[in-house]
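Undergrad: File follows, input.cif with mmCIF, C-alpha atoms:
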data_upload
loop_
_atom_site.group_PDB
_atom_site.id
_atom_site.type_symbol
_atom_site.label_atom_id
_atom_site.label_comp_id
_atom_site.auth_asym_id
_atom_site.auth_seq_id
_atom_site.Cartn_x
_atom_site.Cartn_y
_atom_site.Cartn_z
ATOM 1 C CA MET R 194 76.237 52.357 21.778
ATOM 2 C CA THR R 195 77.045 53.161 25.403
ATOM 3 C CA ASN R 196 80.490 51.601 25.168
ATOM 4 C CA ASN R 197 81.682 53.605 22.209
ATOM 5 C CA ILE R 198 84.037 56.133 23.772
ATOM 6 C CA ILE R 199 84.459 58.299 20.668
ATOM 7 C CA LEU R 200 80.699 58.733 20.316
ATOM 8 C CA ARG R 201 80.336 59.480 24.021
ATOM 9 C CA VAL R 202 83.071 62.118 24.077
ATOM 10 C CA VAL R 203 82.025 63.789 20.838
ATOM 11 C CA SER R 204 78.333 63.885 21.743
ATOM 12 C CA LYS R 205 79.097 65.117 25.250
ATOM 13 C CA SER R 206 80.775 68.184 23.801
ATOM 14 C CA LEU R 207 78.189 68.556 21.010
ATOM 15 C CA ILE R 208 74.985 68.375 23.062
ATOM 16 C CA PRO R 209 75.578 71.608 25.050
ATOM 17 C CA LEU R 210 76.331 73.446 21.817
ATOM 18 C CA ILE R 211 73.161 72.114 20.203
ATOM 19 C CA ILE R 212 71.117 73.190 23.219
ATOM 20 C CA MET R 213 72.733 76.642 23.135
ATOM 21 C CA PHE R 214 71.895 76.899 19.449
ATOM 22 C CA ALA R 215 68.306 75.864 20.160
ATOM 23 C CA LEU R 216 67.978 78.601 22.774
ATOM 24 C CA TYR R 217 69.517 81.104 20.373
ATOM 25 C CA VAL R 218 67.050 80.122 17.662
ATOM 26 C CA GLN R 219 64.205 80.325 20.177
ATOM 27 C CA PHE R 220 64.926 83.795 21.478
ATOM 28 C CA HIS R 221 66.516 85.290 18.386
ATOM 29 C CA GLY R 222 63.605 84.310 16.143
ATOM 30 C CA ASP R 223 62.399 87.916 16.114
ATOM 31 C CA TYR R 224 65.620 89.078 14.493
ATOM 32 C CA GLY R 225 66.860 86.179 12.415
ATOM 33 C CA PRO R 226 65.552 82.987 10.900
ATOM 34 C CA GLY R 227 64.037 80.608 13.385
ATOM 35 C CA GLY R 228 61.422 80.526 16.074
ATOM 36 C CA GLY R 229 59.641 78.141 18.358
ATOM 37 C CA PHE R 230 59.159 75.311 15.887
ATOM 38 C CA GLN R 231 62.789 75.139 14.835
ATOM 39 C CA ALA R 232 64.089 75.647 18.373
ATOM 40 C CA GLY R 233 61.859 72.881 19.718
ATOM 41 C CA VAL R 234 62.997 70.477 17.044
ATOM 42 C CA ILE R 235 66.696 71.312 17.565
ATOM 43 C CA MET R 236 66.294 70.921 21.312
ATOM 44 C CA SER R 237 64.660 67.532 20.862
ATOM 45 C CA ALA R 238 67.431 66.580 18.421
ATOM 46 C CA ALA R 239 69.951 67.205 21.204
ATOM 47 C CA SER R 240 67.918 65.024 23.556
ATOM 48 C CA ILE R 241 67.521 62.279 20.953
ATOM 49 C CA LEU R 242 71.287 62.315 20.394
ATOM 50 C CA TYR R 243 71.684 61.870 24.146
ATOM 51 C CA ALA R 244 69.202 59.007 24.115
ATOM 52 C CA LEU R 245 70.933 57.312 21.179
ATOM 53 C CA VAL R 246 74.385 57.470 22.746
ATOM 54 C CA PHE R 247 73.671 57.021 26.445
ATOM 55 C CA GLY R 248 70.615 54.825 26.228
ATOM 56 C CA LEU R 249 66.890 55.341 26.499
ATOM 57 C CA ASP R 250 66.730 54.848 30.257
ATOM 58 C CA ALA R 251 69.291 57.585 30.926
ATOM 59 C CA ALA R 252 67.390 59.938 28.617
ATOM 60 C CA GLU R 253 64.100 59.155 30.338
ATOM 61 C CA GLN R 254 65.708 60.044 33.646
ATOM 62 C CA VAL R 255 66.751 63.440 32.285
ATOM 63 C CA PHE R 256 63.371 64.056 30.633
ATOM 64 C CA PRO R 257 60.765 62.056 32.559
ATOM 65 C CA PRO R 258 57.797 61.242 30.279
ATOM 66 C CA ALA R 259 55.347 62.582 32.859
ATOM 67 C CA ILE R 260 57.045 65.996 32.767
ATOM 68 C CA LEU R 261 57.169 65.909 28.970
ATOM 69 C CA ARG R 262 53.403 65.376 28.870
ATOM 70 C CA ILE R 263 52.888 68.347 31.155
ATOM 71 C CA LEU R 264 55.269 70.488 29.075
ATOM 72 C CA ALA R 265 53.470 69.577 25.850
ATOM 73 C CA SER R 266 50.107 70.632 27.253
ATOM 74 C CA LEU R 267 51.604 73.676 28.960
ATOM 75 C CA GLY R 268 52.981 74.949 25.648
ATOM 76 C CA VAL R 269 49.551 74.866 24.008
ATOM 77 C CA LEU R 270 48.062 76.364 27.170
ATOM 78 C CA ILE R 271 50.540 79.272 27.148
ATOM 79 C CA TYR R 272 49.753 80.011 23.514
ATOM 80 C CA ALA R 273 45.991 79.837 23.935
ATOM 81 C CA GLY R 274 46.268 81.578 27.312
ATOM 82 C CA VAL R 275 47.993 84.598 25.787
ATOM 83 C CA GLY R 276 44.969 84.901 23.514
ATOM 84 C CA VAL R 277 42.590 84.763 26.479
ATOM 85 C CA VAL R 278 44.671 87.372 28.334
ATOM 86 C CA THR R 279 44.454 89.735 25.360
ATOM 87 C CA LEU R 280 40.688 89.186 25.347
ATOM 88 C CA PHE R 281 40.483 90.222 29.005
ATOM 89 C CA LEU R 282 42.684 93.259 28.350
ATOM 90 C CA GLY R 283 40.186 94.487 25.792
ATOM 91 C CA GLY R 284 41.797 93.367 22.553
ATOM 92 C CA ASN R 285 40.931 90.718 20.019
ATOM 93 C CA TYR R 286 41.993 87.112 20.547
ATOM 94 C CA LEU R 287 45.796 86.932 20.073
ATOM 95 C CA ASP R 288 46.035 90.695 19.481
ATOM 96 C CA TYR R 289 49.245 91.232 21.468
ATOM 97 C CA SER R 290 49.205 95.022 21.210
ATOM 98 C CA VAL R 291 47.274 95.351 24.465
ATOM 99 C CA LEU R 292 49.740 93.266 26.497
ATOM 100 C CA ALA R 293 52.049 96.186 27.348
ATOM 101 C CA ASP R 294 51.963 99.961 27.482
ATOM 102 C CA THR R 295 52.988 100.484 23.907
ATOM 103 C CA ARG R 296 51.857 98.560 20.885
ATOM 104 C CA ILE R 297 55.393 97.500 19.896
ATOM 105 C CA ALA R 298 56.290 96.299 23.407
ATOM 106 C CA GLY R 299 53.033 94.339 23.554
ATOM 107 C CA GLN R 300 53.708 92.688 20.227
ATOM 108 C CA HIS R 301 57.246 91.778 21.342
ATOM 109 C CA LEU R 302 56.008 90.276 24.588
ATOM 110 C CA GLY R 303 53.186 88.378 22.896
ATOM 111 C CA ILE R 304 55.403 86.963 20.170
ATOM 112 C CA LEU R 305 58.016 85.934 22.743
ATOM 113 C CA LEU R 306 55.383 84.156 24.841
ATOM 114 C CA VAL R 307 53.659 82.313 22.013
ATOM 115 C CA GLU R 308 57.004 81.279 20.516
ATOM 116 C CA LEU R 309 57.933 79.935 23.940
ATOM 117 C CA GLY R 310 54.701 77.936 23.988
ATOM 118 C CA VAL R 311 55.375 76.639 20.478
ATOM 119 C CA GLY R 312 58.924 75.653 21.416
ATOM 120 C CA MET R 313 57.861 73.831 24.575
ATOM 121 C CA SER R 314 55.091 71.922 22.826
ATOM 122 C CA VAL R 315 57.146 70.949 19.792
ATOM 123 C CA PHE R 316 60.137 69.884 21.902
ATOM 124 C CA SER R 317 58.145 67.683 24.236
ATOM 125 C CA VAL R 318 55.888 66.197 21.562
ATOM 126 C CA MET R 319 58.908 65.257 19.434
ATOM 127 C CA LEU R 320 60.524 63.573 22.447
ATOM 128 C CA ILE R 321 57.263 61.853 23.412
ATOM 129 C CA ILE R 322 56.972 60.449 19.893
ATOM 130 C CA PHE R 323 60.628 59.366 19.892
ATOM 131 C CA PHE R 324 60.347 57.686 23.276
ATOM 132 C CA ALA R 325 57.145 55.958 22.198
ATOM 133 C CA PHE R 326 58.807 54.565 19.062
ATOM 134 C CA ALA R 327 62.147 53.712 20.632
ATOM 135 C CA GLY R 328 60.546 52.304 23.802
ATOM 136 C CA ARG R 329 58.707 49.661 21.776
ATOM 137 C CA GLY R 330 61.943 47.889 20.949
ATOM 138 C CA ARG R 331 62.781 47.350 24.603
ATOM 139 C CA PRO R 332 62.344 43.879 26.016
ATOM 140 C CA MET J 194 73.509 83.302 -12.956
ATOM 141 C CA ILE J 195 75.273 81.385 -10.201
ATOM 142 C CA ASP J 196 71.858 80.948 -8.535
ATOM 143 C CA VAL J 197 70.512 79.248 -11.618
ATOM 144 C CA PHE J 198 73.540 76.966 -11.779
ATOM 145 C CA ILE J 199 73.219 75.991 -8.110
ATOM 146 C CA GLY J 200 69.483 75.453 -8.555
ATOM 147 C CA VAL J 201 69.997 73.174 -11.552
ATOM 148 C CA VAL J 202 72.678 71.155 -9.753
ATOM 149 C CA LEU J 203 70.505 70.765 -6.645
ATOM 150 C CA LEU J 204 67.499 69.778 -8.748
ATOM 151 C CA ALA J 205 69.606 67.186 -10.550
ATOM 152 C CA PHE J 206 70.758 65.776 -7.210
ATOM 153 C CA LEU J 207 67.137 65.726 -6.025
ATOM 154 C CA ALA J 208 66.081 63.787 -9.106
ATOM 155 C CA VAL J 209 68.983 61.325 -8.740
ATOM 156 C CA THR J 210 68.123 60.797 -5.062
ATOM 157 C CA ALA J 211 64.430 60.284 -5.833
ATOM 158 C CA VAL J 212 65.178 57.739 -8.552
ATOM 159 C CA SER J 213 67.622 55.906 -6.267
ATOM 160 C CA ILE J 214 64.979 55.759 -3.532
ATOM 161 C CA VAL J 215 62.532 54.178 -5.956
ATOM 162 C CA ARG J 216 65.037 51.642 -7.271
ATOM 163 C CA MET J 217 66.508 50.579 -3.932
ATOM 164 C CA THR J 218 65.261 47.692 -1.790
ATOM 165 C CA ASN J 219 67.365 48.231 1.337
ATOM 166 C CA LEU J 220 65.083 50.168 3.677
ATOM 167 C CA PHE J 221 67.962 51.471 5.794
ATOM 168 C CA ALA J 222 69.655 53.033 2.765
ATOM 169 C CA ILE J 223 66.308 54.448 1.631
ATOM 170 C CA ILE J 224 65.879 56.248 4.967
ATOM 171 C CA MET J 225 69.350 57.732 4.639
ATOM 172 C CA LEU J 226 68.472 58.888 1.128
ATOM 173 C CA PHE J 227 65.260 60.451 2.488
ATOM 174 C CA GLY J 228 67.446 62.481 4.826
ATOM 175 C CA ILE J 229 69.686 63.529 1.950
ATOM 176 C CA PHE J 230 66.585 64.436 -0.058
ATOM 177 C CA SER J 231 65.405 66.687 2.771
ATOM 178 C CA PHE J 232 68.793 68.361 3.029
ATOM 179 C CA LEU J 233 68.836 69.012 -0.710
ATOM 180 C CA SER J 234 65.337 70.524 -0.476
ATOM 181 C CA ALA J 235 66.531 72.686 2.410
ATOM 182 C CA ALA J 236 69.457 73.855 0.273
ATOM 183 C CA MET J 237 67.011 74.722 -2.521
ATOM 184 C CA PHE J 238 64.934 76.776 -0.063
ATOM 185 C CA VAL J 239 68.094 78.659 0.967
ATOM 186 C CA VAL J 240 68.849 79.414 -2.673
ATOM 187 C CA MET J 241 65.282 80.757 -2.971
ATOM 188 C CA ASP J 242 65.877 82.938 0.138
ATOM 189 C CA ALA J 243 63.293 81.087 2.243
ATOM 190 C CA VAL J 244 65.667 80.599 5.163
ATOM 191 C CA ASP J 245 63.000 79.894 7.773
ATOM 192 C CA VAL J 246 61.460 77.135 5.661
ATOM 193 C CA ALA J 247 64.914 75.712 4.946
ATOM 194 C CA PHE J 248 65.638 75.692 8.651
ATOM 195 C CA THR J 249 62.475 73.741 9.396
ATOM 196 C CA GLU J 250 63.041 71.350 6.518
ATOM 197 C CA ALA J 251 66.593 70.596 7.649
ATOM 198 C CA ALA J 252 65.616 70.135 11.290
ATOM 199 C CA VAL J 253 62.355 68.225 10.823
ATOM 200 C CA GLY J 254 62.795 66.510 7.461
ATOM 201 C CA ALA J 255 66.434 65.546 7.709
ATOM 202 C CA GLY J 256 66.716 65.286 11.473
ATOM 203 C CA ILE J 257 63.646 64.174 13.359
ATOM 204 C CA SER J 258 61.806 62.203 10.687
ATOM 205 C CA THR J 259 64.986 60.295 9.801
ATOM 206 C CA VAL J 260 65.407 59.317 13.447
ATOM 207 C CA LEU J 261 61.736 58.341 13.718
ATOM 208 C CA MET J 262 61.922 56.230 10.573
ATOM 209 C CA LEU J 263 65.087 54.563 11.892
ATOM 210 C CA ALA J 264 63.313 53.860 15.177
ATOM 211 C CA THR J 265 60.426 52.366 13.229
ATOM 212 C CA ILE J 266 62.696 50.207 11.104
ATOM 213 C CA ALA J 267 64.466 49.000 14.235
ATOM 214 C CA LEU J 268 61.108 47.577 15.341
ATOM 215 C CA THR J 269 60.675 45.571 12.157
ATOM 216 C CA ARG J 270 62.686 42.429 11.575
ATOM 217 C CA ASP J 271 63.354 42.501 7.870
ATOM 218 C CA HIS J 272 65.284 45.473 6.553
ATOM 219 C CA HIS J 273 64.725 44.533 2.938
ATOM 220 C CA GLU J 274 61.608 44.898 0.907
ATOM 221 C CA LYS J 275 61.285 42.041 -1.502
ATOM 222 C CA ALA J 276 59.883 42.780 -4.930
ATOM 223 C CA SER J 277 57.225 40.243 -5.758
ATOM 224 C CA ALA J 278 57.719 38.212 -8.912
ATOM 225 C CA SER J 279 54.317 39.151 -10.303
ATOM 226 C CA HIS J 280 55.089 42.872 -10.114
ATOM 227 C CA ARG J 281 53.526 44.729 -13.046
ATOM 228 C CA PRO J 282 54.707 48.344 -13.043
ATOM 229 C CA TRP J 283 52.728 49.538 -16.051
ATOM 230 C CA LEU J 284 49.494 50.718 -14.425
ATOM 231 C CA PRO J 285 51.198 52.657 -11.573
ATOM 232 C CA LEU J 286 53.737 53.997 -14.049
ATOM 233 C CA THR J 287 50.965 55.283 -16.322
ATOM 234 C CA VAL J 288 49.192 56.934 -13.383
ATOM 235 C CA VAL J 289 52.422 58.573 -12.237
ATOM 236 C CA ILE J 290 53.343 59.803 -15.715
ATOM 237 C CA VAL J 291 49.865 61.223 -16.381
ATOM 238 C CA THR J 292 49.785 62.942 -12.966
ATOM 239 C CA GLY J 293 53.302 64.282 -13.454
ATOM 240 C CA ALA J 294 52.420 65.587 -16.913
ATOM 241 C CA ALA J 295 49.318 67.301 -15.472
ATOM 242 C CA LEU J 296 51.436 68.906 -12.743
ATOM 243 C CA VAL J 297 54.054 70.093 -15.244
ATOM 244 C CA TYR J 298 51.223 71.456 -17.401
ATOM 245 C CA GLY J 299 49.939 73.254 -14.303
ATOM 246 C CA THR J 300 53.309 74.917 -13.709
ATOM 247 C CA LEU J 301 53.020 76.669 -17.090
ATOM 248 C CA ASP J 302 50.464 79.013 -15.515
ATOM 249 C CA ILE J 303 52.606 79.761 -12.465
ATOM 250 C CA PRO J 304 54.268 83.181 -12.603
ATOM 251 C CA ALA J 305 58.056 83.232 -12.884
ATOM 252 C CA PHE J 306 60.006 82.902 -9.633
ATOM 253 C CA GLY J 307 60.331 86.317 -8.002
ATOM 254 C CA ASP J 308 57.905 87.972 -10.437
ATOM 255 C CA PRO J 309 56.857 91.227 -8.709
ATOM 256 C CA ASN J 310 53.425 91.068 -10.344
ATOM 257 C CA ALA J 311 52.634 87.555 -9.168
ATOM 258 C CA PRO J 312 49.355 87.364 -7.210
ATOM 259 C CA ALA J 313 51.231 86.241 -4.097
ATOM 260 C CA GLN J 314 53.340 89.396 -4.188
ATOM 261 C CA ILE J 315 50.554 91.913 -4.729
ATOM 262 C CA HIS J 316 47.912 90.596 -2.329
ATOM 263 C CA VAL J 317 48.992 90.895 1.323
ATOM 264 C CA ALA J 318 52.776 90.783 0.980
ATOM 265 C CA PRO J 319 53.161 94.571 0.423
ATOM 266 C CA TYR J 320 51.127 95.208 3.570
ATOM 267 C CA TYR J 321 53.381 92.954 5.642
ATOM 268 C CA ILE J 322 56.542 94.479 4.184
ATOM 269 C CA GLU J 323 55.393 98.049 4.807
ATOM 270 C CA LYS J 324 53.583 97.643 8.122
ATOM 271 C CA SER J 325 55.292 94.830 10.016
ATOM 272 C CA ILE J 326 58.074 97.054 11.426
ATOM 273 C CA PRO J 327 55.839 99.965 12.524
ATOM 274 C CA GLU J 328 53.118 97.640 13.804
ATOM 275 C CA THR J 329 55.118 94.886 15.504
ATOM 276 C CA GLY J 330 58.732 96.120 15.623
ATOM 277 C CA VAL J 331 59.938 92.649 14.688
ATOM 278 C CA PRO J 332 62.708 92.761 12.059
ATOM 279 C CA ASN J 333 62.077 89.212 10.813
ATOM 280 C CA ILE J 334 58.874 89.564 8.794
ATOM 281 C CA VAL J 335 58.417 85.786 8.756
ATOM 282 C CA THR J 336 58.201 85.740 12.543
ATOM 283 C CA ALA J 337 55.862 88.737 12.568
ATOM 284 C CA VAL J 338 53.512 87.039 10.096
ATOM 285 C CA LEU J 339 53.785 83.632 11.760
ATOM 286 C CA ALA J 340 53.272 84.663 15.353
ATOM 287 C CA SER J 341 51.282 87.877 15.108
ATOM 288 C CA TYR J 342 49.370 88.401 11.858
ATOM 289 C CA ARG J 343 48.707 84.685 11.440
ATOM 290 C CA GLY J 344 48.638 83.819 15.125
ATOM 291 C CA PHE J 345 45.483 81.748 14.697
ATOM 292 C CA ASP J 346 47.120 79.550 12.056
ATOM 293 C CA THR J 347 50.158 78.962 14.233
ATOM 294 C CA LEU J 348 47.968 78.123 17.213
ATOM 295 C CA GLY J 349 46.262 75.557 14.992
ATOM 296 C CA GLU J 350 49.627 74.140 13.963
ATOM 297 C CA VAL J 351 50.734 73.769 17.564
ATOM 298 C CA ILE J 352 47.485 71.975 18.337
ATOM 299 C CA VAL J 353 48.122 69.679 15.363
ATOM 300 C CA VAL J 354 51.575 68.810 16.749
ATOM 301 C CA PHE J 355 50.064 68.312 20.200
ATOM 302 C CA THR J 356 47.329 66.065 18.801
ATOM 303 C CA ALA J 357 49.940 64.024 16.956
ATOM 304 C CA GLY J 358 51.771 63.490 20.229
ATOM 305 C CA ILE J 359 48.574 62.395 21.959
ATOM 306 C CA ALA J 360 47.736 60.036 19.117
ATOM 307 C CA VAL J 361 51.167 58.406 19.236
ATOM 308 C CA MET J 362 50.922 58.053 23.009
ATOM 309 C CA LEU J 363 47.505 56.430 22.714
ATOM 310 C CA LEU J 364 48.526 54.090 19.913
ATOM 311 C CA ILE J 365 51.998 52.857 20.832
ATOM 312 C CA GLY J 366 53.075 54.638 23.975
ATOM 313 C CA ALA J 367 51.228 52.364 26.394
ATOM 314 C CA LYS J 368 54.165 50.196 27.358
ATOM 315 C CA ARG J 369 53.885 51.035 31.052
ATOM 316 C CA ARG J 370 50.433 49.515 31.385
ATOM 317 C CA LYS J 371 51.773 45.970 31.292
ATOM 318 C CA SER J 372 50.839 45.295 34.893
ATOM 319 C CA ASN J 373 47.347 46.694 34.315
ATOM 320 C CA VAL J 374 46.846 44.449 31.321
ATOM 321 C CA GLU J 375 47.813 41.433 33.368
ATOM 322 C CA ASN J 376 45.463 42.476 36.129
ATOM 323 C CA ASN J 377 42.583 42.908 33.702
ATOM 324 C CA LYS J 378 43.143 39.664 31.885
ATOM 325 C CA GLY J 379 40.577 37.832 33.935
ATOM 326 C CA GLU J 380 37.942 40.499 33.554
ATOM 327 C CA ASP J 381 38.264 41.636 29.962
ATOM 328 C CA ASN J 382 37.320 38.795 27.686
ATOM 329 C CA ASP J 383 36.888 41.085 24.681
ATOM 330 C CA GLU J 384 40.629 41.436 24.223
#
For the file at hand, write its structure as structure tokens.

TA:
Amino acid sequence: MTNNIILRVVSKSLIPLIIMFALYVQFHGDYGPGGGFQAGVIMSAASILYALVFGLDAAEQVFPPAILRILASLGVLIYAGVGVVTLFLGGNYLDYSVLADTRIAGQHLGILLVELGVGMSVFSVMLIIFFAFAGRGRP
Amino acid sequence: MIDVFIGVVLLAFLAVTAVSIVRMTNLFAIIMLFGIFSFLSAAMFVVMDAVDVAFTEAAVGAGISTVLMLATIALTRDHHEKASASHRPWLPLTVVIVTGAALVYGTLDIPAFGDPNAPAQIHVAPYYIEKSIPETGVPNIVTAVLASYRGFDTLGEVIVVFTAGIAVMLLIGAKRRKSNVENNKGEDNDE
């Protein structure tokens, strides 16, 4: 599909918008619909669109599989790590209230962090799965 | 009233799509219909005010899984499923009809949609609605429940996604080990 100029031009202008929307969904999840899961999936959709139009090799240069593997584990680690931090700060596991001075600020910070972990993990796992499937067809 | 109308129309479309999926033999068209099915479900969730679920359904069901199924079908040679001549639909049809009838019978006990006295509404939902703003300060109750009150569940879900990624990598993501396989050919006689 790399020679199709219409697809290239349209997707080139679409991908930044999709990524912006993913970031909006990620960080606006406290106030509107959305959150880490949806943001991760939208972000990976942008990357898959890139891979479909510009080829798998170009996409793997932008998102090297080794980094994706680290990101996937890091997301889970951030989520579980926030729980461990709250344990050390004297709260229950994943009780974010102790993360900051006030209860509300702690909850905000905790939710932001775990949603970030969710988003990172979902994004990279979706891309890993896509690369694994699409990479099989390569000669 | 308009909600009911939209719901009925969407349900009719869902049924038409499902029947078309069953009757079709072109796998490519079936995958496209799966995507349409997911979008229709997402629209139904929006009508039922479950925007977060609709969001996920549209992104995962219509987006990612369609792409993954297309990638899978690209790996197979034949894009048509041939119906065998000796196909006898009666036993599966009976099973499906009996199961469907049991499920419809089960829905008779379900409280009406939006019933304030439904068990789901009177158990923990009032607590979340009253306390989520003073306790977490997060305006979107769904996010407050998902990330804070039910943080353990969400952690489990993330680990499920992570495990799925690992499983896929282990099963089919090993394309870069070609040189290793060639090196081991002499040693590993089991394979």

Undergrad: Report, in Å to a single decimal, how far apart CA of Val335 (chain J) and CA of Ile211 (chain R) are.

TA: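 Taking CA of Ile211 (chain R) as the start and CA of Val335 (chain J) as the end point, the length is 23.1 Å.
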
Undergrad: Could you list the residues in chain R lying within 8 Å of chain J, using only C-alpha atoms, and format the result as an MDAnalysis selection string?

TA: chainID R and resid 222:228 230:231 234:235 238 265:266 269 272:273 287:289 296:297 300:301 304 307:308 311 314:315 318:319 321:330

Undergrad: As an exercise, work out the distance from CA of Phe230 (chain J) to CA of Thr210 (chain J) in Å and give it to one decimal place.

TA: 6.4 Å

Undergrad: Exactly which residues make up the result of the PyMOL selection byres ((chain R and resi 240) around 9) on this file, given as a PDB file with C-alpha atoms, in the coordinates of the input?

TA:
ATOM      1  CA  ILE R 208      74.985  68.375  23.062  1.00  0.00           C
ATOM      2  CA  ILE R 212      71.117  73.190  23.219  1.00  0.00           C
ATOM      3  CA  ILE R 235      66.696  71.312  17.565  1.00  0.00           C
ATOM      4  CA  MET R 236      66.294  70.921  21.312  1.00  0.00           C
ATOM      5  CA  SER R 237      64.660  67.532  20.862  1.00  0.00           C
ATOM      6  CA  ALA R 238      67.431  66.580  18.421  1.00  0.00           C
ATOM      7  CA  ALA R 239      69.951  67.205  21.204  1.00  0.00           C
ATOM      8  CA  ILE R 241      67.521  62.279  20.953  1.00  0.00           C
ATOM      9  CA  LEU R 242      71.287  62.315  20.394  1.00  0.00           C
ATOM     10  CA  TYR R 243      71.684  61.870  24.146  1.00  0.00           C
ATOM     11  CA  ALA R 244      69.202  59.007  24.115  1.00  0.00           C
ATOM     12  CA  LEU R 245      70.933  57.312  21.179  1.00  0.00           C
ATOM     13  CA  ALA R 252      67.390  59.938  28.617  1.00  0.00           C
ATOM     14  CA  VAL R 255      66.751  63.440  32.285  1.00  0.00           C
ATOM     15  CA  PHE R 256      63.371  64.056  30.633  1.00  0.00           C
ATOM     16  CA  LEU R 320      60.524  63.573  22.447  1.00  0.00           C
TER      17      LEU R 320
END

Undergrad: Expressed in Å to a single decimal, how great is the separation between CA of Lys324 (chain J) and CA of Val218 (chain R)?

TA: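 That distance, rounded to one decimal, is 24.1 Å.
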
Undergrad: Considering only C-alpha atoms, return as an mmCIF file with C-alpha atoms, in the coordinates of the input whatever protein or nucleic-acid residues lie within 8 Å of region 197-205 of chain J, sequence-local ones (same chain, fewer than 2 positions apart) excluded.

TA:
data_model
loop_
_atom_site.group_PDB
_atom_site.id
_atom_site.type_symbol
_atom_site.label_atom_id
_atom_site.label_comp_id
_atom_site.auth_asym_id
_atom_site.auth_seq_id
_atom_site.Cartn_x
_atom_site.Cartn_y
_atom_site.Cartn_z
ATOM 1 C CA MET J 194 73.509 83.302 -12.956
ATOM 2 C CA ILE J 195 75.273 81.385 -10.201
ATOM 3 C CA LEU J 207 67.137 65.726 -6.025
ATOM 4 C CA ALA J 208 66.081 63.787 -9.106
ATOM 5 C CA VAL J 209 68.983 61.325 -8.740
ATOM 6 C CA LEU J 233 68.836 69.012 -0.710
ATOM 7 C CA ALA J 236 69.457 73.855 0.273
ATOM 8 C CA MET J 237 67.011 74.722 -2.521
ATOM 9 C CA VAL J 240 68.849 79.414 -2.673
#

Undergrad: For the structure shown, which residues end up in the PyMOL selection byres ((chain J and resi 214) around 12)? Put them as a VMD selection string, please?

TA: chain J and resid 207 to 213 215 to 230

Undergrad: Output region 197-211 of chain J as a compact mmCIF listing (two decimals), in the frame of the given file, making sure N, CA and C atoms are there.

TA:
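Ended up saving to selection29.txt:
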# COMPACT_ATOMS: atom_id res chain seq x y z
N VAL J 197 71.12 80.21 -10.69
CA VAL J 197 70.51 79.25 -11.62
C VAL J 197 71.34 77.97 -11.65
N PHE J 198 72.65 78.13 -11.72
CA PHE J 198 73.54 76.97 -11.78
C PHE J 198 73.35 76.09 -10.53
N ILE J 199 73.38 76.75 -9.36
CA ILE J 199 73.22 75.99 -8.11
C ILE J 199 71.86 75.30 -8.09
N GLY J 200 70.83 76.03 -8.53
CA GLY J 200 69.48 75.45 -8.56
C GLY J 200 69.42 74.22 -9.44
N VAL J 201 70.03 74.31 -10.63
CA VAL J 201 70.00 73.17 -11.55
C VAL J 201 70.73 71.98 -10.95
N VAL J 202 71.90 72.26 -10.35
CA VAL J 202 72.68 71.16 -9.75
C VAL J 202 71.88 70.50 -8.63
N LEU J 203 71.27 71.33 -7.76
CA LEU J 203 70.50 70.76 -6.64
C LEU J 203 69.32 69.96 -7.15
N LEU J 204 68.65 70.49 -8.19
CA LEU J 204 67.50 69.78 -8.75
C LEU J 204 67.93 68.44 -9.33
N ALA J 205 69.10 68.44 -10.00
CA ALA J 205 69.61 67.19 -10.55
C ALA J 205 69.88 66.19 -9.44
N PHE J 206 70.50 66.66 -8.36
CA PHE J 206 70.76 65.78 -7.21
C PHE J 206 69.45 65.24 -6.64
N LEU J 207 68.45 66.15 -6.54
CA LEU J 207 67.14 65.73 -6.02
C LEU J 207 66.56 64.61 -6.88
N ALA J 208 66.63 64.80 -8.21
CA ALA J 208 66.08 63.79 -9.11
C ALA J 208 66.83 62.48 -8.96
N VAL J 209 68.18 62.55 -8.89
CA VAL J 209 68.98 61.32 -8.74
C VAL J 209 68.61 60.61 -7.44
N THR J 210 68.47 61.40 -6.35
CA THR J 210 68.12 60.80 -5.06
C THR J 210 66.75 60.14 -5.13
N ALA J 211 65.79 60.84 -5.76
CA ALA J 211 64.43 60.28 -5.83
C ALA J 211 64.43 58.98 -6.61
